[in-house]
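Asks: As input, take data-v8.csv (CSV, C-alpha atoms):
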```
chain,number,residue,atom,x,y,z
A,1,MET,CA,171.7,130.9,150.8
A,2,VAL,CA,172.2,127.9,148.6
A,3,ALA,CA,168.9,126.4,149.7
A,4,PHE,CA,167.2,129.7,149.0
A,5,LYS,CA,168.7,129.8,145.5
A,6,LEU,CA,167.5,126.3,144.8
A,7,GLY,CA,164.1,127.1,146.1
A,8,ALA,CA,163.9,130.1,143.8
A,9,LEU,CA,165.0,127.8,140.9
A,10,PHE,CA,162.2,125.4,141.7
A,11,VAL,CA,159.6,128.1,141.7
A,12,ALA,CA,160.9,129.4,138.4
A,13,ALA,CA,160.8,125.9,136.9
A,14,ALA,CA,157.3,125.3,138.2
A,15,GLY,CA,156.2,128.6,136.7
A,16,PHE,CA,157.7,127.7,133.4
A,17,VAL,CA,155.9,124.4,133.3
A,18,MET,CA,152.6,126.0,134.2
A,19,ALA,CA,153.0,128.7,131.6
A,20,ASN,CA,153.5,125.9,129.0
A,21,ALA,CA,150.5,124.0,130.2
A,22,ALA,CA,148.4,127.1,129.9
A,23,VAL,CA,149.5,127.5,126.2
A,24,TYR,CA,148.7,123.9,125.5
A,25,ALA,CA,145.3,124.0,127.2
A,26,ALA,CA,144.3,126.9,125.0
A,27,ASP,CA,145.2,124.9,121.9
A,28,ALA,CA,143.5,121.7,122.9
A,29,PRO,CA,139.9,121.4,121.7
A,30,ASN,CA,137.0,121.8,124.1
A,31,LEU,CA,135.4,118.3,124.1
A,32,ASN,CA,132.3,119.5,125.9
A,33,ASP,CA,131.2,121.7,123.0
A,34,PRO,CA,127.7,120.3,122.0
A,35,LYS,CA,128.5,121.0,118.3
A,36,ILE,CA,131.1,118.3,118.3
A,37,ALA,CA,129.5,115.8,120.7
A,38,LYS,CA,128.9,113.3,117.8
A,39,TYR,CA,132.6,113.2,117.0
A,40,VAL,CA,133.8,112.5,120.5
A,41,ALA,CA,133.9,109.0,122.1
A,42,GLY,CA,135.3,108.9,125.6
A,43,ASP,CA,138.8,110.5,125.3
A,44,LYS,CA,138.9,110.0,121.5
A,45,TRP,CA,138.0,112.7,119.0
A,46,SER,CA,138.1,112.8,115.2
A,47,GLY,CA,139.6,115.6,113.1
A,48,TYR,CA,136.2,117.2,112.8
A,49,VAL,CA,136.7,118.5,116.3
A,50,THR,CA,139.6,120.7,115.3
A,51,SER,CA,138.3,121.6,111.9
A,52,THR,CA,137.4,125.3,111.2
A,53,PRO,CA,133.6,126.1,111.2
A,54,GLU,CA,133.8,126.5,107.4
A,55,THR,CA,135.3,123.0,106.9
A,56,ARG,CA,132.7,121.5,109.3
A,57,LYS,CA,130.0,123.2,107.3
A,58,MET,CA,131.3,121.6,104.1
A,59,GLN,CA,131.1,118.1,105.7
A,60,ASP,CA,127.7,118.7,107.3
A,61,ASP,CA,126.0,119.4,104.0
A,62,ASP,CA,126.0,116.6,101.5
A,63,PHE,CA,125.5,119.0,98.7
A,64,GLU,CA,128.4,121.2,99.7
A,65,ASN,CA,130.7,118.3,100.4
A,66,PRO,CA,132.7,117.8,97.1
A,67,SER,CA,133.2,114.1,97.9
A,68,PHE,CA,129.8,113.5,96.6
A,69,VAL,CA,131.0,114.1,93.0
A,70,TRP,CA,132.9,110.9,93.4
A,71,VAL,CA,130.1,109.2,95.3
A,72,ASP,CA,127.6,110.0,92.6
A,73,GLN,CA,129.9,108.6,89.9
A,74,ALA,CA,130.3,105.4,92.0
A,75,ARG,CA,126.5,105.1,92.4
A,76,ALA,CA,126.2,105.1,88.6
A,77,LEU,CA,129.0,102.5,88.4
A,78,TRP,CA,127.2,100.3,91.0
A,79,ASP,CA,124.6,99.2,88.4
A,80,LYS,CA,126.9,99.2,85.4
A,81,VAL,CA,127.7,95.7,84.0
A,82,ASP,CA,131.4,95.4,83.4
A,83,GLY,CA,133.8,92.5,82.7
A,84,LYS,CA,133.6,89.1,81.1
A,85,ALA,CA,131.3,87.6,83.8
A,86,GLY,CA,128.6,90.1,82.7
A,87,LYS,CA,128.0,91.3,86.2
A,88,SER,CA,127.6,94.6,88.0
A,89,CYS,CA,128.0,95.2,91.8
A,90,ALA,CA,124.2,95.1,92.0
A,91,SER,CA,124.1,91.6,90.4
A,92,CYS,CA,125.5,90.1,93.7
A,93,HIS,CA,124.8,92.8,96.3
A,94,GLY,CA,121.5,94.2,95.2
A,95,GLU,CA,120.9,97.7,96.4
A,96,VAL,CA,123.9,99.5,97.8
A,97,GLU,CA,121.9,100.4,101.0
A,98,LYS,CA,122.1,96.7,101.9
A,99,LEU,CA,125.8,97.2,102.8
A,100,LYS,CA,124.8,99.2,105.8
A,101,GLY,CA,127.2,98.4,108.6
A,102,ALA,CA,129.4,96.2,106.4
A,103,SER,CA,132.4,98.5,106.3
A,104,THR,CA,132.6,99.1,110.1
A,105,THR,CA,134.4,95.8,110.6
A,106,TYR,CA,137.1,96.3,107.9
A,107,PRO,CA,139.9,95.7,107.7
A,108,LYS,CA,139.4,92.1,108.6
A,109,PHE,CA,140.8,88.6,107.9
A,110,VAL,CA,138.7,86.8,105.3
A,111,ASP,CA,139.2,83.1,105.2
A,112,LYS,CA,138.2,82.9,101.5
A,113,HIS,CA,141.1,85.2,100.6
A,114,ASN,CA,143.4,84.1,103.3
A,115,ASP,CA,144.5,87.6,104.1
A,116,LEU,CA,143.7,90.8,106.0
A,117,ILE,CA,141.8,92.9,103.6
A,118,THR,CA,140.4,96.5,103.5
A,119,VAL,CA,137.3,97.7,101.7
A,120,GLU,CA,139.5,98.7,98.8
A,121,HIS,CA,141.0,95.2,98.5
A,122,GLN,CA,137.5,93.8,98.7
A,123,ILE,CA,136.4,96.0,95.8
A,124,GLY,CA,139.5,95.0,93.9
A,125,ILE,CA,138.8,91.3,94.4
A,126,CYS,CA,135.1,91.8,93.4
A,127,ARG,CA,136.3,93.5,90.2
A,128,THR,CA,139.0,91.1,89.1
A,129,LYS,CA,137.8,87.8,90.5
A,130,TYR,CA,134.0,87.9,90.4
A,131,MET,CA,133.3,90.4,87.6
A,132,GLU,CA,136.4,89.5,85.6
A,133,ALA,CA,136.8,93.2,84.8
A,134,ASP,CA,139.9,95.4,84.8
A,135,ALA,CA,141.3,96.3,88.2
A,136,TRP,CA,140.9,99.8,89.4
A,137,LYS,CA,143.8,101.8,90.6
A,138,TRP,CA,143.9,102.3,94.4
A,139,GLU,CA,144.0,106.0,94.2
A,140,GLY,CA,141.9,106.2,91.1
A,141,ASP,CA,138.6,108.1,90.9
A,142,GLN,CA,136.4,105.0,90.5
A,143,MET,CA,138.0,103.1,93.5
A,144,LEU,CA,137.9,106.2,95.8
A,145,GLY,CA,134.3,106.8,94.8
A,146,MET,CA,133.2,103.2,95.3
A,147,SER,CA,135.0,102.9,98.6
A,148,ALA,CA,133.4,106.1,99.8
A,149,LEU,CA,130.0,104.9,98.6
A,150,VAL,CA,130.3,101.6,100.4
A,151,ARG,CA,131.5,103.2,103.6
A,152,LEU,CA,128.9,106.0,103.4
A,153,GLN,CA,126.2,103.3,103.9
A,154,SER,CA,127.6,102.9,107.5
A,155,ARG,CA,127.9,106.6,108.2
A,156,GLY,CA,127.1,107.4,111.8
A,157,MET,CA,127.7,103.8,113.0
A,158,PRO,CA,130.5,103.1,115.4
A,159,VAL,CA,133.8,101.7,114.0
A,160,ASN,CA,133.8,98.1,115.2
A,161,VAL,CA,136.9,96.2,114.1
A,162,SER,CA,138.0,93.0,115.7
A,163,ILE,CA,141.5,92.4,117.0
A,164,ASP,CA,140.9,88.9,118.1
A,165,GLY,CA,141.2,85.6,116.3
A,166,LYS,CA,142.9,85.7,112.9
A,167,ASN,CA,143.0,89.5,113.0
A,168,LYS,CA,145.3,89.4,116.1
A,169,PRO,CA,148.7,88.9,114.4
A,170,PHE,CA,147.9,91.8,112.0
A,171,TYR,CA,146.9,94.0,114.9
A,172,GLU,CA,150.2,93.2,116.6
A,173,LYS,CA,152.0,94.0,113.4
A,174,GLY,CA,150.2,97.3,113.0
A,175,ARG,CA,150.8,98.2,116.6
A,176,GLU,CA,154.5,97.5,116.1
A,177,PHE,CA,154.5,99.7,113.0
A,178,TYR,CA,152.8,102.5,115.0
A,179,TYR,CA,155.4,102.5,117.7
A,180,GLN,CA,158.4,102.0,115.5
A,181,ARG,CA,160.7,105.0,115.0
A,182,ARG,CA,161.4,105.6,111.4
A,183,GLY,CA,162.9,108.0,108.9
A,184,HIS,CA,165.4,110.9,109.1
A,185,PHE,CA,163.5,112.5,112.0
A,186,ASP,CA,163.3,109.3,113.9
A,187,PHE,CA,159.6,109.7,114.6
A,188,SER,CA,157.0,107.0,115.3
A,189,CYS,CA,153.3,107.5,114.7
A,190,ALA,CA,152.9,107.5,118.4
A,191,HIS,CA,155.2,110.5,119.1
A,192,CYS,CA,152.6,112.8,117.5
A,193,HIS,CA,149.3,111.0,117.8
A,194,VAL,CA,149.6,109.4,121.2
A,195,ASP,CA,152.0,111.6,123.2
A,196,ASN,CA,151.3,115.0,121.6
A,197,TYR,CA,147.8,115.1,120.2
A,198,GLY,CA,146.1,118.5,120.8
A,199,ASN,CA,149.5,120.2,120.9
A,200,MET,CA,151.0,122.3,118.2
A,201,ILE,CA,153.8,121.1,115.9
A,202,ARG,CA,154.9,124.4,114.6
A,203,SER,CA,151.7,125.9,113.1
A,204,GLU,CA,149.8,122.6,112.9
A,205,LEU,CA,147.5,121.2,115.6
A,206,LEU,CA,148.3,117.5,116.0
A,207,SER,CA,145.2,115.4,115.5
A,208,HIS,CA,144.4,112.2,117.4
A,209,GLY,CA,145.0,110.3,114.2
A,210,MET,CA,141.6,108.8,113.9
A,211,PRO,CA,140.9,107.4,110.4
A,212,ASN,CA,137.1,107.1,110.7
A,213,GLY,CA,136.4,109.5,107.8
A,214,PHE,CA,138.4,108.0,104.9
A,215,PRO,CA,138.3,108.2,102.0
A,216,GLN,CA,138.1,111.9,102.7
A,217,TYR,CA,138.2,115.1,100.7
A,218,ARG,CA,141.2,117.1,101.8
A,219,LEU,CA,141.3,120.7,100.8
A,220,LYS,CA,145.0,120.4,100.4
A,221,TRP,CA,144.6,117.5,97.9
A,222,GLN,CA,141.6,119.2,96.2
A,223,LYS,CA,140.2,115.7,95.8
A,224,LEU,CA,139.1,112.6,97.5
A,225,GLY,CA,142.0,110.5,98.9
A,226,SER,CA,142.5,107.2,100.6
A,227,MET,CA,143.7,106.4,104.1
A,228,HIS,CA,146.9,104.9,102.7
A,229,ARG,CA,147.6,108.1,100.9
A,230,ARG,CA,147.4,109.9,104.3
A,231,PHE,CA,149.8,107.3,105.8
A,232,ARG,CA,152.2,108.0,102.9
A,233,GLY,CA,152.0,111.7,103.6
A,234,CYS,CA,152.7,111.2,107.3
A,235,ASN,CA,155.7,109.0,106.5
A,236,LYS,CA,157.0,111.5,104.0
A,237,ASN,CA,156.7,114.3,106.5
A,238,THR,CA,159.0,112.5,108.9
A,239,ARG,CA,161.3,111.8,106.0
A,240,ALA,CA,160.7,108.1,106.1
A,241,GLU,CA,160.3,105.9,103.0
A,242,PRO,CA,156.6,105.5,102.4
A,243,TYR,CA,155.1,102.1,101.6
A,244,LYS,CA,152.8,101.4,98.7
A,245,GLN,CA,149.0,101.9,99.0
A,246,GLY,CA,147.5,98.5,99.8
A,247,SER,CA,150.8,97.1,101.0
A,248,PRO,CA,150.6,94.6,103.9
A,249,GLU,CA,152.3,97.1,106.2
A,250,TYR,CA,149.7,99.8,105.7
A,251,THR,CA,146.8,97.3,105.8
A,252,ALA,CA,148.0,96.2,109.2
A,253,LEU,CA,148.4,99.8,110.2
A,254,GLU,CA,144.9,100.5,109.0
A,255,LEU,CA,143.6,97.8,111.3
A,256,TYR,CA,145.6,99.2,114.3
A,257,THR,CA,144.5,102.8,113.6
A,258,MET,CA,140.9,101.7,113.0
A,259,TRP,CA,141.0,99.9,116.3
A,260,ARG,CA,142.2,103.1,118.0
A,261,ALA,CA,139.1,104.8,116.5
A,262,SER,CA,136.7,102.1,117.9
A,263,GLY,CA,133.5,103.7,119.0
A,264,LEU,CA,133.8,106.8,116.9
A,265,PRO,CA,131.2,107.1,114.2
A,266,VAL,CA,132.1,106.4,110.5
A,267,GLU,CA,132.3,109.9,109.0
A,268,THR,CA,133.0,108.9,105.4
A,269,PRO,CA,133.3,111.0,103.3
A,270,ALA,CA,134.8,113.5,105.7
A,271,VAL,CA,136.2,116.9,104.7
A,272,ARG,CA,139.5,118.1,106.2
A,273,LYS,CA,141.8,120.9,105.5
B,274,MET,CA,134.2,118.7,82.0
B,275,ALA,CA,132.4,116.4,84.3
B,276,LYS,CA,129.0,116.6,85.8
B,277,ALA,CA,127.7,119.5,87.7
B,278,ARG,CA,125.6,119.2,90.9
B,279,ILE,CA,122.8,121.8,91.1
B,280,LYS,CA,120.2,122.3,93.8
B,281,VAL,CA,117.2,124.5,92.9
B,282,PRO,CA,113.7,124.2,94.6
B,283,SER,CA,111.2,122.7,92.2
B,284,SER,CA,108.6,125.3,93.1
B,285,ALA,CA,108.5,128.7,94.8
B,286,LYS,CA,105.9,131.4,95.5
B,287,LYS,CA,106.0,134.6,93.4
B,288,GLY,CA,108.3,137.1,94.9
B,289,GLU,CA,109.9,134.6,97.2
B,290,ILE,CA,113.7,134.6,97.4
B,291,PHE,CA,115.2,131.1,97.0
B,292,GLU,CA,118.7,129.8,97.2
B,293,ILE,CA,120.6,128.1,94.4
B,294,LYS,CA,123.6,125.9,95.1
B,295,THR,CA,126.0,124.7,92.4
B,296,LEU,CA,129.0,122.5,92.5
B,297,MET,CA,131.1,121.8,89.4
B,298,SER,CA,133.7,119.1,89.3
B,299,HIS,CA,136.7,120.5,87.7
B,300,ASN,CA,140.4,120.3,88.7
B,301,MET,CA,141.1,124.0,88.0
B,302,GLU,CA,144.7,123.5,86.7
B,303,THR,CA,146.4,126.8,87.7
B,304,GLY,CA,149.1,126.9,85.1
B,305,ARG,CA,151.8,127.0,87.8
B,306,ARG,CA,152.3,123.3,88.3
B,307,LYS,CA,155.1,121.5,86.6
B,308,ASP,CA,154.9,118.1,85.1
B,309,LYS,CA,157.0,115.9,87.4
B,310,LYS,CA,158.6,113.9,84.6
B,311,THR,CA,159.4,116.6,82.0
B,312,GLY,CA,159.7,119.6,84.2
B,313,GLU,CA,157.5,121.6,81.9
B,314,LEU,CA,154.6,123.9,83.1
B,315,ILE,CA,151.2,122.3,82.7
B,316,PRO,CA,149.1,124.9,80.8
B,317,ARG,CA,146.3,126.7,82.7
B,318,LYS,CA,142.9,125.3,82.4
B,319,ILE,CA,140.3,126.7,84.7
B,320,ILE,CA,136.7,127.6,84.6
B,321,ASN,CA,136.8,131.3,83.9
B,322,LYS,CA,133.2,132.3,83.8
B,323,PHE,CA,130.0,131.1,85.4
B,324,GLU,CA,126.5,132.4,84.4
B,325,CYS,CA,123.0,131.7,85.6
B,326,VAL,CA,120.3,132.7,83.1
B,327,TYR,CA,116.7,132.8,84.3
B,328,ASN,CA,114.3,132.7,81.3
B,329,GLY,CA,116.8,134.5,79.1
B,330,LYS,CA,117.9,137.0,81.7
B,331,THR,CA,121.3,136.8,83.4
B,332,VAL,CA,120.6,136.9,87.1
B,333,PHE,CA,124.1,136.0,88.3
B,334,SER,CA,127.5,135.8,86.8
B,335,ALA,CA,131.0,135.4,88.1
B,336,ASP,CA,134.5,135.6,86.6
B,337,PHE,CA,136.9,133.1,88.0
B,338,HIS,CA,140.6,133.6,88.2
B,339,PRO,CA,143.5,131.3,89.3
B,340,SER,CA,143.4,130.5,93.0
B,341,ILE,CA,139.8,129.5,92.9
B,342,SER,CA,139.9,126.0,94.4
B,343,ALA,CA,139.1,122.8,92.5
B,344,ASN,CA,135.5,121.8,92.3
B,345,PRO,CA,134.2,125.3,92.7
B,346,TYR,CA,131.1,125.7,94.8
B,347,LEU,CA,128.7,128.6,94.5
B,348,ALA,CA,125.6,129.5,96.4
B,349,PHE,CA,123.5,132.5,95.6
B,350,SER,CA,120.0,133.8,95.9
B,351,CYS,CA,117.4,134.6,93.3
B,352,ARG,CA,113.9,136.1,93.4
B,353,ALA,CA,111.1,134.0,91.9
B,354,THR,CA,109.3,136.0,89.2
B,355,GLU,CA,107.8,133.5,86.8
B,356,SER,CA,107.8,129.8,86.0
B,357,GLY,CA,110.5,128.7,83.6
B,358,LYS,CA,114.0,127.5,83.1
B,359,LEU,CA,117.2,128.3,84.9
B,360,GLU,CA,120.2,127.7,82.8
B,361,PHE,CA,123.7,127.3,84.3
B,362,ARG,CA,126.8,127.8,82.1
B,363,TRP,CA,130.4,127.1,83.0
B,364,THR,CA,133.0,128.3,80.5
B,365,GLU,CA,136.4,126.8,80.5
B,366,ASP,CA,139.7,128.1,79.2
B,367,GLY,CA,139.7,127.2,75.6
B,368,GLY,CA,136.0,128.0,75.3
B,369,ALA,CA,134.4,124.7,76.1
B,370,VAL,CA,131.0,125.3,77.8
B,371,THR,CA,129.1,123.0,80.0
B,372,SER,CA,125.5,123.9,80.6
B,373,GLU,CA,122.7,122.4,82.6
B,374,THR,CA,119.1,123.5,83.0
B,375,LYS,CA,116.6,123.2,85.8
B,376,GLU,CA,112.9,124.0,85.8
B,377,ILE,CA,111.1,126.0,88.5
B,378,GLN,CA,107.3,126.3,89.0
B,379,VAL,CA,106.3,129.7,90.4
B,380,SER,CA,102.8,130.0,91.8
```
Please go through the file and, once you have read it, give me the structure as structure tokens.
Replies:
Amino acid sequence: MVAFKLGALFVAAAGFVMANAAVYAADAPNLNDPKIAKYVAGDKWSGYVTSTPETRKMQDDDFENPSFVWVDQARALWDKVDGKAGKSCASCHGEVEKLKGASTTYPKFVDKHNDLITVEHQIGICRTKYMEADAWKWEGDQMLGMSALVRLQSRGMPVNVSIDGKNKPFYEKGREFYYQRRGHFDFSCAHCHVDNYGNMIRSELLSHGMPNGFPQYRLKWQKLGSMHRRFRGCNKNTRAEPYKQGSPEYTALELYTMWRASGLPVETPAVRK
Amino acid sequence: MAKARIKVPSSAKKGEIFEIKTLMSHNMETGRRKDKKTGELIPRKIINKFECVYNGKTVFSADFHPSISANPYLAFSCRATESGKLEFRWTEDGGAVTSETKEIQVS
């Protein structure tokens, strides 16, 4: 009798697990859909995959994509002489199209600056050191636009960051951050984006956490925003104390998350909900 | 107001229906947000009217209300009747108007 009861229990338990699995399977995106093939690399997929058709359409059409308001402004700034050195971006770099592929390896350790730097840091260094002009705010319109313009040149090319050599300690640091529980909810990044991507967290479908489309236009923000702003949002959601944009913590995390996205195409400027 | 982005074909055949796309950069302040420091409401400032005028004749207009998202995008169709100018006008709360014109050749 006992054995029978136990058996029944097992059957019930198995049924419960299977029912759950069925729910999850329905939520998870269909990676074989040809419409999203570009945004899938192996078992990785970008947020485009789980976007609604309307949001995808906004990203697909460069006219409809509101990010291009910022990109157009940045394109005008590219040729504009500013600062005491009397230089513009174009004075050193020439046409912006020459930067094709440049952003795919960022963040990276640059010997000259003796630090791990992102595209935004590099733009800041160019502004203050080489142009001797005023620094741009990390989350300001000019910086976001310029970062998007530079990364746009590599759109479609696979993310290709290095985690060897001098990048390695920063990669380790970023990885540690990624798996470190933090905040009131005691969540690490990995709890959502490694263990539960494709599952629902209340009404939200958890993404794979791929940052290949930043700076991106979020409908929630109603403007272009940086990757570090997104990190801050995630940290706040788990009731953890966020770090500053451009901080060493987030720069290392950017390297780690970019490494996670290796092989996915650069989507900048992406549109997300 | 900042710059508008407009897409109009440079030429069209007489009688042809062509598509016009516009995107205006504007933060569409709803009037419901509070200043984080002072706690006071930020006054409403949205684009409340859009008009498209084809050689002096209004071919499309729209009244905007709060809850229209920032950087409003509009796409609409128009029939090509004669060569000339298409004028686009965005009117903001307070009466400021931004206008842009595009030319079209109709053959």
Asks: Between A:Ser67, A:Glu95, A:Asp82, A:Thr105, which one has atoms that come closest to chain B, using only C-alpha atoms?
Replies: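 Among A:Ser67, A:Glu95, A:Asp82, A:Thr105, it is A:Ser67 that comes nearest to chain B.
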Asks: Name all residues at most 12 Å from Thr295 in chain B (count all atoms listed in the file; drop same-chain ones fewer than 2 positions away) and give them as JSON, numbers by chain.
Replies: {"A": [63, 64, 65, 66, 69], "B": [276, 277, 278, 279, 280, 281, 292, 293, 297, 298, 323, 324, 325, 344, 345, 346, 347, 348, 349, 350, 360, 361, 362, 363, 372, 373, 374, 375]}
Asks: Please indicate the distance in Å from CA of Ala102 in chain A to CA of Ser154 in chain A, rounded to one decimal place.
Replies: 7.0 Å
Asks: Tell me, counting only C-alpha atoms, for each residue of chain A within 12 Å of chain B, which pair of atoms is nearest and how far apart they are in Å to one decimal, in rows ordered by chain and increasing number, as CSV.
Replies:
```
residue,atom,partner,partner_atom,distance
A:Met58,CA,B:Tyr346,CA,10.2
A:Asp61,CA,B:Lys294,CA,11.3
A:Asp62,CA,B:Arg278,CA,10.9
A:Phe63,CA,B:Arg278,CA,7.8
A:Glu64,CA,B:Tyr346,CA,7.2
A:Asn65,CA,B:Leu296,CA,9.1
A:Pro66,CA,B:Asn344,CA,6.8
A:Ser67,CA,B:Asn344,CA,9.8
A:Phe68,CA,B:Arg278,CA,9.1
A:Val69,CA,B:Ser298,CA,6.8
A:Trp70,CA,B:Ser298,CA,9.2
A:Val71,CA,B:Arg278,CA,11.8
A:Asp72,CA,B:Arg278,CA,9.6
A:Gln73,CA,B:Lys276,CA,9.0
A:Tyr217,CA,B:Asn344,CA,11.1
A:Arg218,CA,B:Ala343,CA,11.1
A:Leu219,CA,B:Ser342,CA,8.4
A:Lys220,CA,B:Ser342,CA,9.7
A:Trp221,CA,B:Ala343,CA,9.4
A:Gln222,CA,B:Ala343,CA,5.7
A:Lys223,CA,B:Ala343,CA,7.9
A:Leu224,CA,B:Asn344,CA,11.2
```
Asks: CA of Gly225 in chain A and CA of Phe170 in chain A, how far apart in Å?
Replies: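 These two atoms are separated by 23.6 Å.
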Asks: Between CA of Ser283 in chain B and CA of Ile377 in chain B, what is the distance, to one decimal in Å?
Replies: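 Here the two named atoms are 5.0 Å from each other.
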Asks: Up to 10 Å from (129.4, 104.9, 90.6) in the file's coordinates: name the residues, counting all atoms listed in the file, as a ChimeraX atom specification.
Replies: /A:69-80,89,141-143,145-147,149
